[in-house]
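> Quick one: structure below, then a few questions.
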Amino acid sequence: MTEETRKEYWRWPEGSWVNPGIDWQKGTIITAGVDVGSVSSQAVVLVDSELYVFSNTRTGSDSPDSARKALSIAVGETGLTVDNIDYCIGTGYGRVNVPMAQRTITEIACHARGANFMYGPQVRTVMDMGGQDCKAINCDDKGKVLNFMMNDKCAAGTGRGMEVFADLIRVPVWEIGPRSFQIKKEPPMISSTCVVFAKSEVVGLLEKGVPENDIMAAYCAAMAHRIMELLNRLGVHEKFVITGGIAKNEGVVKRLEKELGIKTAEKAWYNPAYKAYPFDTQIAGALGAALFAVAMVSKGKVQSVRKK
Amino acid sequence: MIEEFKQWYDDRHSYAKEWKKNNRNGKVVGYFCTYVPEEILYAANCLPVRIIGGHEPPARATPHMFDMWCPFSRDCLSQGLAGYYDYLDGIMIAQCCLHVRQAFGAWQLQVPTPWSYYLCMPNAVTTSHAKKFLSGELAEFKKAVEEWVGKKITDADLDRGIDIMNTSRRLMKKVYEFRKEDNPLLTGTEAMTMVWASQLMDKREHNVLVAELLRGLPNRELDREPGIRLMIVGSENDDRPFMEMVESIGATFVIDDHCTGSRYFWDEIATNPDRLQAIADRYCDRVPCPTKDFQQETWERKRFPHILTLAKEYRVQGVILVQQKFCDPHECDIPSLKRYLEGNGIPCYVLEFEVTVPVGQFRIRIEAFIEQLRADELFD
Amino acid sequence: MAKYKTEGLHCWQKAKELTKKYYQDYKESPARGGLRWEGGAWSFDAIPQALEGEVHGLSEEPYGASIAHNPELQVRYQEAAEGKWGCARDLCSYMRAYWGSVALNEYAYGGPWPHADFIFQNQICCCHSKWLQVADEIDGGTTPYFCFDVGVGPYDKIGDRQIEYVVAQLYDGIAFIERVTGRRIVEEKLIQNVYNTYRSNCYWAKTCELNQAIPAPLDEKTMFSLYVLGTLEKSNRAVADFYEKELYPEVKDRVVNKIAAVADERCRVLGDSQPPWGFLRIYRYLEQYGIVSVANLYTFSLIGWMKVDSNGLLVPYPTLEEQGITIKDRDHALRLLVEGELKGKLMWAPFYGANYKNDLVTKIAKQWRCDAAIIHLNRGCEGTAQHQMQLKIALQKMGIPAMTFEGNMADEREFDEGRVLRLIELFVTETLGLKKVPKDRKGRG
Amino acid sequence: MIVAGIDVGGKNVHVVILKDGAIAAQGAAAAGIQKAQAAERLYDEMLRKAGLTQADVGRVVATGSAGKRVAFADACIADAAADARGVNRLFPSTRTVIDVGAEEGRAIKISPDGKVLDFAINEKCAAGTGTFVEAMAIALEISVEEMSTISLKSNKSIPMNAQCAVFGESEVVSLIHQNTEKQDIAKAVHDAIAGRVASVARIVGMEKDIAVIGGMAKNEGFIDSLKKEIGMDIIVPVDPDFVGALGAAESAAKGVLEEKVAAKVVGQEIVEGG
């Protein structure tokens with residue numbers, strides 16, 4: 001395992017973005033959302049509810065540091081500091097360990113809200129695949145959670161599983177999707193979704209000389225099926241969107257769409273003015289958190305903590 | 001008082017051992033299901049103690065019950081195999097679900113206990129035939145107990161037993177009344193701790209404590225925000241850490257339907273010169289366990305409207321349906337119950353329980369559910 | 001050279017045909033002006049089948065099992081029950097398959113889900129009363145539902161009070177059926193059905209008793225397809241005739257002529273609970289070692305009525321003829337029916353305690369001369385999986401090597417074939433010390 | 001007489017070569033993906049070490065989860081059987097063998113002559129295996145060896161609820177967040193696994209003497225937790241991870257054969273049955 005992790009095939013590329021069209025100093029309400037997931041962390045800063053900066057980075061073994069890191073990567077050279085932020089909300093699995101946050105909101109509410117902003121008010125079902133849990137969420141036109149479901153107490157077929165898998169076959173996780181379609185015919189899916197047993201099953205296939213691409217297809221299919229089971233329990237309605245890292249894995253997404261008979265919404269900003277902005281499905285949670293912060297501050301439900 | 005309940009709940013075994021010392025000719029009977037007619041045991045000066053889990057991984061049970069049996073039943077057996085119940089003079093069960101029967105059967109063979117009894121509680125409880133059959137079962141049971149303790153059980157004894165149980169029921173129901181208030185005068189965890197204790201302590205002593213609690217409640221100041229009013233529904237539940245966690249993140253359990261809660265004590269015994277028939281009627285008419293919740297003329301269940309009424313009376317905003325893994329009776333009812341309650345405008349969230357509850361993983365689910373219930377705060 | 005001669009069962013085809021006809025009749029009944037009812041393998045079909053005019057039942061457990069034989073259907077139905085309806089994945093797998101079939105509005109034997117005119121069900125395990133309660137709810141909740149209770153105690157504790165309780169419910173049941181169907185329960189038919197029920201159950205038990213012979217005339221894998229008729233419609237004359245006039249004589253003849261189920265019988269094992277239906281090839285694997293599965297409390301007494309005689313031996317329950325009883329009237333018929341089921345269906349005894357399961361199965365192990373036990377820890381059925389670990393301990397105590405493997409009768413997602421074969425191979429070659437029978441073995445029964 | 005035993009497990013390959021009953025050479029290597037090749041490579045290497053060639057070897061017996069893939073072996077025996085034979089050679093007084101490998105924990109009851117009387121194997125979930133510990137070590141950002149030693153320093157007992165390796169990781173991470181001492185977390189992990197392993201062992205009933213073998217047996221922290229869990233003493237051989245290979249070699253010596261055929265037939269049967 002150790003020598004496998006030296007080269008990190010599983011990690012999605014980190015990144016950050018600054019909106020060139022905004023001068024934060026002119027902003028009246030500046031809010032932030034920080035999403036500390038089990039694997040990756042994101043930070044989003046809004047200036048008067050407009051997307052200003054965001055970052056997407058890896059979570060370390062210490063959540064507070066990861067939160068700080070995410071935010072500092074996001075603000076980068078802009079000169080914006082924590083003291084300039086009116087209100088910050090922490091979310092994600094490490095939400096209680098976000099030092100700069102005034103309160104926390106679960107990623108379930110945040111992803112629904114974020115997806116609503118990113119994809120638009122027609123979104124009815126949001127599927128968020130995190131490192132170790134998948135959440136299926138039904139929401140209304142405001143992004144309000146109507147009901148939701150999460151996978152049980154076993155991480156079978158979660159994001160972490162895909163990462164272990166990427167490590168195992170030594171293929172960067174972003175290549176798995178495309179390559180999983182470079183096959184002659186769809187192979188039977190990996191039968192065990194338990195992260196550990198799936199691993200040995202995969203080793204078995206590699207041993208048998210099954211082409212890597214077929215194995216990737218088999219693994220993506222298993223994962224898609226597992227998600228489908230969860231979604232069926234909840235009931236999927238269009239517009240259906242997937243947030244989180246897995247959304248970037250078309251190997252899973254396309255197969256899931258096939259199983260459900262429902263397409264996922266196109267990965268594009270609902271707000272036409274945002275057309276030029278990068279679209280990162282992983283920031284939905286942090287974005288939702290920042291949006292809740294705006295609402296709370298502007299409605300006077302909470303006091304601004306802005307120092308400068 | 002709550003503290004005493006908690007103390008005796010945590011220290012259940014020393015309590016029973018203590019009791020034995022002070023009641024030389026009394027016997028302690030461990031029982032497996034709340035269909036056991038404790039009235040008759042009290043009439044015979046026995047101390048009925050409900051066998052409940054220890055919330056430890058039931059490792060000892062593995063050789064005796066493989067892991068498709070519900071965690072609770074395996075936990076109970078595991079406690080017995082560990083010798084925690086070595087003070088029991090006898091064990092008994094009233095026919096209920098196959099899981100608990102499994103634990104009872106394994107206990108009979110693997111945990112040395114001087115006396116054991118299987119009371120054949122009927123299933124078709126809504127029929128008059130069942131009431132007749134049960135009173136016959138009770139007569140046999142009474143006889144068996146008389147032979148065991150070597151003493152006749154007179155009508156006066158039965159009246160005493162019935163009175164002890166009815167008093168307990170009446171008092172605990174009164175305590176539950178105080179949970180209807182806008183800011184309930186006791187938390188769900190406290191209320192249920194009281195009920196848990198009642199299944200482990202001598203009801204006579206318990207009744208004194210509850211009466212005392214009742215005197216204190218009206219002018220009790222609970223320094224906490226009640227938050228969302230939740231109801232918790234399921235099979236057995238004595239998971240204190242879980243309930244405390246939920247009540248620490250902006251919610252209060254105001255009512256429950258558990259056999260370790262309201263379902264245990266809700267219904268009293270009516271007076272009837274035929275005491276055994278009176279007892280039989282009560283156990284047939286009580287809020288049923290799902291395993292007995294079927295009627296002979298319709299597929300509808302008797303328990304659902306009862307739960308809805310409770311939810312309304314206690315102004316419940318959301319219901320947490322606890323699904324004990326592998327618990328067939330409840331698993332069969334939960335999808336229907338969820339539809340039924342949601343159809344009546346009450347949001348539900350289903351949680352799957354095991355012996356050891358990963359509080360962390362449950363916290364996010366509950367937090368999200370609470371956020372869902374108080375969405376206006378985030379949205380307006 | 002094979003140790004014994006072996007040949008196929010002649011009445012096998014007949015059994016298959018009767019089964020096929022059963023499911024067809026249920027489908028076509030309305031077209032012929034007939035009625036349809038849903039119930040279980042244990043819900044006293046003698047009563048609804050006594051309705052005037054044509055009437056056909058659908059027996060829930062065998063229906064679930066027939067779905068289990070078809071992997072594609074099985075998984076689709078299980079997932080529909082869990083997905084569309086939202087039930088837990090660990091419930092009775094027959095029941096989930098059944099619910100899925102209803103939820104998808106599909107009949108495993110073709111066409112849409114065939115709605116029943118009424119439900120006549122009984123309660124013995126936690127799921128039985130719920131099974132059709134929920135199935136009907138999924139189906140819209142319009143089917144009249146009746147469920148009676150037979151959980152009155154083990155065979156050795158059955159007295160008038162127990163019988164009276166069940167009979168009283170059956171009278172209510174009759175009134176219910178007559179009210180919701182507007183048809184009469186015909187006394188003559190009822191009496192005939194009870195005679196047939198006795199014949200079906202007692203003659204299956206007699207057939208099972210014949211398997212004490214060495215070599216065993218039947219192996220469990222074959223018995224599975226034979227007892228199924230009794231789980232469908234034991235009160236049917238054709239079924240009773242099959243057991244009494246075709247199967248029993250033929251098996252008797254096999255015993256006389258030493259016709260074996262497995263040509264190289266060297267080791268006799270007993271099973272417990274249903275097998276994983278999708279993987280009966282396990283038995284083929286065992287045969288390579290000369291192992292034949294000859295006994296199983298489930299396979300015997302799911303329908304077979306037995307009793308413990310004065311010598312403590314397990315023997316077939318006497319037929320009405322043997323008891324010299326002629327049924328007088330409706331009441332007599334009901335009482336005899338209830339008495340037979342409560343005293344004869346030993347399969348129910350383990351519901352009342354591990355001691356019953358251990359006592360009965362250790363008797364079987366002795367009388368059927370078993371050398372070992374292979375216990376399927378059936379995650380699909382609480383009823384038949386009762387006290388299996390206690391049973392393992394009891395068998396080992398009496399010196400019978402026993403192994404367990406986890407599986408599920410009707411949910412292949414819970415069965416890891418490779419793993420199980422590894423365990424069985426270890427048990428067979430190491431614990432039992434058996435080697436493969438040299439090839440050239442003949443065909444099998 | 002020269003014989004060889006080859007144990008091909010989920011993670012590693014072990015080879016033992018016996019010359020007239022004495023160990024002439026033994027070695028281990030990572031199984032990697034191409035296990036069969038890895039096995040042969042190690043086999044040849046060990047032969048060289050012992051100054052032998054394949055031709056000198058009278059009999060080769062393979063075992064382990066991938067043992068049947070060793071084409072050049074004359075036979076393949078079940079891993080539990082190999083365990084039994086190996087332990088029986090080392091400690092004839094052993095009645096209960098507990099083998100905890102990378103992906104499986106099993107318990108075997110054996111007769112005085114090393115016959116398998118009863119066995120139990122952990123089902124379905126990887127909790128209670130070496131892999132679980134590895135995952136936790138990674139979460140703790142220390143080596144398994146370090147984990148083993150530091151856990152011995154701890155006297156706290158923290159319950160671990162997670163049944164699943166992945167949730168185990170996050171539970172460990174959250175313990176780290178609560179600033180729990182690494183040594184206490186390490187112990188918590190070992191206790192958790194000891195609990196699961198013990199519950200498997202209880203199925204066959206723990207009769208003295210009890211020997212623990214397999215990769216996990218090298219983990220003193222785990223052994224310590226297991227001793228406390230079962231309240232009995234435990235024998236751990238010098239090279240606990242070589243016992244399977246040793247047992248295979250023993251059975252080669254005893255001339256236990258013909259399994260290779262069996263192995264093939266099993267394969268066929270599955271196909272023809274379906």
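Residues are named by chain letter and number: chains run A, B, ... in the order of the structure tokens, numbers start at 1 in each chain, and ligands are numbered from 1 in the order shown.
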Based on only C-alpha atoms, which of the residues in chain A come within 9 Å of chain B? I want them as a list in words.

Tyr93, Ile105, Thr106, Glu107, Ile108, Ala109, Lys142, Lys144, Val145, Leu146, Asn147, Phe148, Met149, Met150, Asp152, Lys153, Phe292, Ala293, Ala295, Met296, Lys299 and Lys301 of chain A

> Restricting the output to C-alpha atoms, write the selected residues as a PDB file, in the first residue's frame.


```pdb
ATOM      1  CA  TYR A  93     -17.200  15.979   7.090  1.00  0.00           C
ATOM      2  CA  ILE A 105     -24.287  23.511   7.978  1.00  0.00           C
ATOM      3  CA  THR A 106     -24.278  19.947   6.698  1.00  0.00           C
ATOM      4  CA  GLU A 107     -23.047  19.228   3.198  1.00  0.00           C
ATOM      5  CA  ILE A 108     -26.490  17.857   2.395  1.00  0.00           C
ATOM      6  CA  ALA A 109     -28.123  21.286   2.673  1.00  0.00           C
ATOM      7  CA  LYS A 142     -34.972  27.141  -4.005  1.00  0.00           C
ATOM      8  CA  LYS A 144     -34.380  23.457  -0.159  1.00  0.00           C
ATOM      9  CA  VAL A 145     -33.892  19.818   0.910  1.00  0.00           C
ATOM     10  CA  LEU A 146     -37.159  17.857   0.697  1.00  0.00           C
ATOM     11  CA  ASN A 147     -35.677  14.499   1.623  1.00  0.00           C
ATOM     12  CA  PHE A 148     -32.372  12.701   1.323  1.00  0.00           C
ATOM     13  CA  MET A 149     -30.668   9.360   1.717  1.00  0.00           C
ATOM     14  CA  MET A 150     -27.148   8.269   2.505  1.00  0.00           C
ATOM     15  CA  ASP A 152     -25.123   2.662   4.938  1.00  0.00           C
ATOM     16  CA  LYS A 153     -22.259   2.142   7.336  1.00  0.00           C
ATOM     17  CA  PHE A 292     -26.408  30.536   3.080  1.00  0.00           C
ATOM     18  CA  ALA A 293     -24.010  32.997   4.695  1.00  0.00           C
ATOM     19  CA  ALA A 295     -28.799  35.089   3.091  1.00  0.00           C
ATOM     20  CA  MET A 296     -28.237  35.088   6.849  1.00  0.00           C
ATOM     21  CA  LYS A 299     -31.597  39.111   6.311  1.00  0.00           C
ATOM     22  CA  LYS A 301     -30.330  36.826  10.979  1.00  0.00           C
TER      23      LYS A 301
END
```

> Excluding same-chain residues fewer than 4 positions from D:Gly27, what lies within 8 Å of it counting only C-alpha atoms, as a count of residues only?

5

> Residues of chain A within 10 Å of chain C, counting only C-alpha atoms, what are they? List them as a ChimeraX atom specification.

/A:191-192,228-235

> I need the residues from that last selection saved to file as a short mmCIF file (atom, residue, chain, number, x, y, z; two decimals), in the first residue's frame (with all heavy atoms), if you can.


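Saved the output as out28.cif:
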```cif
data_model
loop_
_atom_site.label_atom_id
_atom_site.label_comp_id
_atom_site.auth_asym_id
_atom_site.auth_seq_id
_atom_site.Cartn_x
_atom_site.Cartn_y
_atom_site.Cartn_z
N SER A 191 -18.12 -7.80 -8.59
CA SER A 191 -19.26 -8.25 -7.78
C SER A 191 -19.21 -7.68 -6.36
O SER A 191 -20.22 -7.30 -5.80
CB SER A 191 -19.30 -9.77 -7.73
OG SER A 191 -18.09 -10.25 -7.19
N SER A 192 -17.99 -7.60 -5.79
CA SER A 192 -17.92 -7.10 -4.42
C SER A 192 -17.68 -5.60 -4.43
O SER A 192 -16.77 -5.11 -5.10
CB SER A 192 -16.77 -7.77 -3.68
OG SER A 192 -16.52 -7.07 -2.47
N MET A 228 -27.07 3.74 -8.21
CA MET A 228 -28.42 3.59 -8.74
C MET A 228 -29.34 3.02 -7.66
O MET A 228 -30.45 3.51 -7.45
CB MET A 228 -28.37 2.65 -9.95
CG MET A 228 -29.64 2.52 -10.74
SD MET A 228 -30.71 1.22 -10.11
CE MET A 228 -29.72 -0.24 -10.42
N GLU A 229 -28.84 2.04 -6.92
CA GLU A 229 -29.67 1.45 -5.86
C GLU A 229 -30.10 2.52 -4.86
O GLU A 229 -31.26 2.58 -4.46
CB GLU A 229 -28.89 0.34 -5.14
CG GLU A 229 -28.74 -0.92 -5.97
CD GLU A 229 -27.89 -1.99 -5.28
OE1 GLU A 229 -27.18 -1.67 -4.30
OE2 GLU A 229 -27.94 -3.14 -5.73
N LEU A 230 -29.14 3.37 -4.49
CA LEU A 230 -29.46 4.42 -3.51
C LEU A 230 -30.48 5.39 -4.09
O LEU A 230 -31.48 5.72 -3.46
CB LEU A 230 -28.18 5.15 -3.12
CG LEU A 230 -28.33 6.23 -2.05
CD1 LEU A 230 -28.62 5.61 -0.70
CD2 LEU A 230 -27.07 7.09 -1.95
N LEU A 231 -30.25 5.80 -5.34
CA LEU A 231 -31.14 6.77 -5.97
C LEU A 231 -32.55 6.21 -6.12
O LEU A 231 -33.53 6.91 -5.91
CB LEU A 231 -30.58 7.18 -7.34
CG LEU A 231 -29.42 8.18 -7.29
CD1 LEU A 231 -28.71 8.24 -8.62
CD2 LEU A 231 -29.92 9.56 -6.88
N ASN A 232 -32.64 4.92 -6.44
CA ASN A 232 -33.97 4.33 -6.60
C ASN A 232 -34.75 4.38 -5.30
O ASN A 232 -35.97 4.54 -5.29
CB ASN A 232 -33.86 2.89 -7.08
CG ASN A 232 -33.69 2.83 -8.59
OD1 ASN A 232 -33.88 3.84 -9.27
ND2 ASN A 232 -33.31 1.67 -9.10
N ARG A 233 -34.04 4.22 -4.19
CA ARG A 233 -34.74 4.25 -2.90
C ARG A 233 -35.32 5.63 -2.65
O ARG A 233 -36.39 5.77 -2.08
CB ARG A 233 -33.78 3.89 -1.77
CG ARG A 233 -33.37 2.44 -1.76
CD ARG A 233 -32.49 2.14 -0.55
NE ARG A 233 -33.30 1.90 0.63
CZ ARG A 233 -33.50 0.69 1.14
NH1 ARG A 233 -32.96 -0.36 0.58
NH2 ARG A 233 -34.24 0.53 2.22
N LEU A 234 -34.58 6.65 -3.11
CA LEU A 234 -35.04 8.01 -2.88
C LEU A 234 -36.06 8.43 -3.93
O LEU A 234 -37.06 9.07 -3.61
CB LEU A 234 -33.84 8.97 -2.93
CG LEU A 234 -34.16 10.44 -2.69
CD1 LEU A 234 -34.29 10.71 -1.19
CD2 LEU A 234 -33.07 11.32 -3.28
N GLY A 235 -35.81 8.02 -5.16
CA GLY A 235 -36.64 8.48 -6.27
C GLY A 235 -35.92 9.64 -6.97
O GLY A 235 -35.68 10.67 -6.36
#
```

> Neighbouring residues of stretch 254-261 of chain A were defined as those with any atom within 8 Å, considering only C-alpha atoms; residues of the same chain fewer than 3 positions away were excluded. Please report them as a ChimeraX atom specification.

/A:220-221,224-225,227-228,250-251,264

> With all heavy atoms kept, could you save the residues just selected as an mmCIF file, in the first residue's frame?


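To be explicit, this is the file written out as again_11.cif:
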```
data_model
loop_
_atom_site.group_PDB
_atom_site.id
_atom_site.type_symbol
_atom_site.label_atom_id
_atom_site.label_comp_id
_atom_site.auth_asym_id
_atom_site.auth_seq_id
_atom_site.Cartn_x
_atom_site.Cartn_y
_atom_site.Cartn_z
ATOM 1 N N CYS A 220 -16.248 0.761 -12.700
ATOM 2 C CA CYS A 220 -17.178 1.898 -12.862
ATOM 3 C C CYS A 220 -18.620 1.390 -12.873
ATOM 4 O O CYS A 220 -19.500 1.982 -12.245
ATOM 5 C CB CYS A 220 -16.891 2.637 -14.169
ATOM 6 S SG CYS A 220 -15.327 3.524 -14.136
ATOM 7 N N ALA A 221 -18.846 0.276 -13.544
ATOM 8 C CA ALA A 221 -20.207 -0.273 -13.625
ATOM 9 C C ALA A 221 -20.708 -0.623 -12.222
ATOM 10 O O ALA A 221 -21.831 -0.287 -11.847
ATOM 11 C CB ALA A 221 -20.210 -1.502 -14.517
ATOM 12 N N ALA A 224 -21.546 2.552 -10.410
ATOM 13 C CA ALA A 224 -22.770 3.152 -10.957
ATOM 14 C C ALA A 224 -23.984 2.399 -10.422
ATOM 15 O O ALA A 224 -24.971 2.992 -9.990
ATOM 16 C CB ALA A 224 -22.741 3.091 -12.477
ATOM 17 N N HIS A 225 -23.880 1.068 -10.372
ATOM 18 C CA HIS A 225 -25.014 0.256 -9.925
ATOM 19 C C HIS A 225 -25.343 0.555 -8.465
ATOM 20 O O HIS A 225 -26.499 0.724 -8.089
ATOM 21 C CB HIS A 225 -24.695 -1.223 -10.108
ATOM 22 C CG HIS A 225 -25.862 -2.118 -9.854
ATOM 23 N ND1 HIS A 225 -26.863 -2.287 -10.783
ATOM 24 C CD2 HIS A 225 -26.215 -2.846 -8.765
ATOM 25 C CE1 HIS A 225 -27.773 -3.101 -10.281
ATOM 26 N NE2 HIS A 225 -27.415 -3.468 -9.058
ATOM 27 N N ILE A 227 -24.746 3.278 -6.817
ATOM 28 C CA ILE A 227 -25.381 4.598 -6.702
ATOM 29 C C ILE A 227 -26.840 4.507 -7.145
ATOM 30 O O ILE A 227 -27.734 5.062 -6.519
ATOM 31 C CB ILE A 227 -24.624 5.629 -7.573
ATOM 32 C CG1 ILE A 227 -23.167 5.737 -7.121
ATOM 33 C CG2 ILE A 227 -25.299 6.984 -7.503
ATOM 34 C CD1 ILE A 227 -22.300 6.558 -8.051
ATOM 35 N N MET A 228 -27.069 3.741 -8.213
ATOM 36 C CA MET A 228 -28.418 3.585 -8.738
ATOM 37 C C MET A 228 -29.340 3.024 -7.655
ATOM 38 O O MET A 228 -30.449 3.509 -7.454
ATOM 39 C CB MET A 228 -28.370 2.650 -9.951
ATOM 40 C CG MET A 228 -29.643 2.524 -10.738
ATOM 41 S SD MET A 228 -30.708 1.217 -10.105
ATOM 42 C CE MET A 228 -29.722 -0.237 -10.418
ATOM 43 N N GLU A 250 -16.750 10.206 -16.017
ATOM 44 C CA GLU A 250 -17.832 9.857 -16.942
ATOM 45 C C GLU A 250 -18.020 8.350 -17.009
ATOM 46 O O GLU A 250 -19.089 7.849 -17.344
ATOM 47 C CB GLU A 250 -17.526 10.415 -18.325
ATOM 48 C CG GLU A 250 -16.346 9.744 -19.020
ATOM 49 C CD GLU A 250 -15.726 10.621 -20.101
ATOM 50 O OE1 GLU A 250 -15.331 11.774 -19.767
ATOM 51 O OE2 GLU A 250 -15.657 10.165 -21.256
ATOM 52 N N GLY A 251 -16.981 7.600 -16.646
ATOM 53 C CA GLY A 251 -17.086 6.142 -16.668
ATOM 54 C C GLY A 251 -18.207 5.687 -15.750
ATOM 55 O O GLY A 251 -18.938 4.740 -16.041
ATOM 56 N N THR A 264 -27.948 13.193 -16.822
ATOM 57 C CA THR A 264 -27.592 14.217 -15.848
ATOM 58 C C THR A 264 -27.495 15.546 -16.595
ATOM 59 O O THR A 264 -27.153 15.584 -17.778
ATOM 60 C CB THR A 264 -26.212 13.919 -15.215
ATOM 61 O OG1 THR A 264 -25.259 13.742 -16.261
ATOM 62 C CG2 THR A 264 -26.266 12.658 -14.382
#
```

> Determine, for each residue of chain C having at least one atom at most 6 Å from an atom of chain D, the closest pair of atoms and their separation in Å to one decimal, counting only C-alpha atoms; order by chain and ascending number, as JSON lines.


```
{"residue": "C:Arg281", "atom": "CA", "partner": "D:Gly273", "partner_atom": "CA", "distance": 5.2}
{"residue": "C:Glu430", "atom": "CA", "partner": "D:Val116", "partner_atom": "CA", "distance": 5.8}
{"residue": "C:Thr431", "atom": "CA", "partner": "D:Val116", "partner_atom": "CA", "distance": 5.3}
```

> Give me, as JSON, numbers by chain, the contact residues of chain D against chain B at a cut-off of 8 Å, counting only C-alpha atoms.

{"D": [161, 162, 195, 196, 198, 199, 200, 202, 203, 204]}

> Using only C-alpha atoms, select each residue of chain C with any atom at most 8 Å away from an atom of chain B, and give the selection as a PyMOL selection string.

chain C and resi 85-88+90-92+123+125-127+129-131+133-134+136-137+141+144-149+151-153+161-162+165+168-169+176+351-355+377+379+382-383+386-390

> Print the selection's residues with C-alpha atoms to a file, as an mmCIF file, in the first residue's frame.


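Okay, out-v4.cif is ready:
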```cif
data_model
loop_
_atom_site.group_PDB
_atom_site.id
_atom_site.type_symbol
_atom_site.label_atom_id
_atom_site.label_comp_id
_atom_site.auth_asym_id
_atom_site.auth_seq_id
_atom_site.Cartn_x
_atom_site.Cartn_y
_atom_site.Cartn_z
ATOM 1 C CA TRP C 85 -40.821 -0.085 -2.332
ATOM 2 C CA GLY C 86 -37.860 0.716 -0.071
ATOM 3 C CA CYS C 87 -37.682 -2.334 2.159
ATOM 4 C CA ALA C 88 -34.556 -3.472 3.979
ATOM 5 C CA ASP C 90 -32.001 -8.300 4.880
ATOM 6 C CA LEU C 91 -35.668 -9.320 4.910
ATOM 7 C CA CYS C 92 -36.909 -12.780 3.894
ATOM 8 C CA GLN C 123 -48.960 -16.444 10.952
ATOM 9 C CA CYS C 125 -42.939 -16.560 11.598
ATOM 10 C CA CYS C 126 -42.535 -12.798 11.894
ATOM 11 C CA CYS C 127 -42.864 -12.328 8.153
ATOM 12 C CA SER C 129 -48.562 -12.102 8.473
ATOM 13 C CA LYS C 130 -46.704 -9.144 6.952
ATOM 14 C CA TRP C 131 -45.917 -10.750 3.613
ATOM 15 C CA GLN C 133 -50.196 -7.408 4.104
ATOM 16 C CA VAL C 134 -47.446 -5.479 2.317
ATOM 17 C CA ASP C 136 -51.427 -6.117 -1.154
ATOM 18 C CA GLU C 137 -50.483 -2.611 -0.053
ATOM 19 C CA GLY C 141 -54.577 -2.363 -0.933
ATOM 20 C CA PRO C 144 -59.691 -8.667 1.237
ATOM 21 C CA TYR C 145 -57.152 -9.995 3.752
ATOM 22 C CA PHE C 146 -57.505 -12.737 6.329
ATOM 23 C CA CYS C 147 -54.696 -14.066 8.506
ATOM 24 C CA PHE C 148 -55.023 -16.703 11.204
ATOM 25 C CA ASP C 149 -52.561 -17.689 13.890
ATOM 26 C CA GLY C 151 -48.313 -20.240 16.713
ATOM 27 C CA VAL C 152 -49.830 -22.174 19.575
ATOM 28 C CA GLY C 153 -46.911 -24.320 20.694
ATOM 29 C CA ARG C 161 -57.252 -25.550 23.924
ATOM 30 C CA GLN C 162 -54.683 -25.120 21.164
ATOM 31 C CA TYR C 165 -58.135 -21.605 19.197
ATOM 32 C CA ALA C 168 -62.359 -20.967 15.991
ATOM 33 C CA GLN C 169 -60.266 -18.730 13.718
ATOM 34 C CA PHE C 176 -64.845 -14.253 5.665
ATOM 35 C CA PHE C 351 -39.899 -22.179 16.423
ATOM 36 C CA TYR C 352 -40.418 -22.991 20.098
ATOM 37 C CA GLY C 353 -36.858 -23.706 21.105
ATOM 38 C CA ALA C 354 -33.390 -24.881 20.117
ATOM 39 C CA ASN C 355 -33.918 -28.071 22.123
ATOM 40 C CA LEU C 377 -26.706 -20.697 7.276
ATOM 41 C CA ARG C 379 -29.657 -15.503 5.536
ATOM 42 C CA GLU C 382 -35.349 -16.759 9.806
ATOM 43 C CA GLY C 383 -37.839 -19.591 10.114
ATOM 44 C CA GLN C 386 -33.689 -21.170 13.581
ATOM 45 C CA HIS C 387 -31.016 -22.357 16.013
ATOM 46 C CA GLN C 388 -28.618 -23.521 13.296
ATOM 47 C CA MET C 389 -25.514 -22.780 15.336
ATOM 48 C CA GLN C 390 -26.957 -24.671 18.304
#
```

> So which residues touch stretch 215-217 of chain C within 9 Å, counting only C-alpha atoms, skipping near sequence neighbours fewer than 5 positions away, as a ChimeraX atom specification?

/C:4,6,210,251-252,254-255,258-266,268,292-294,445
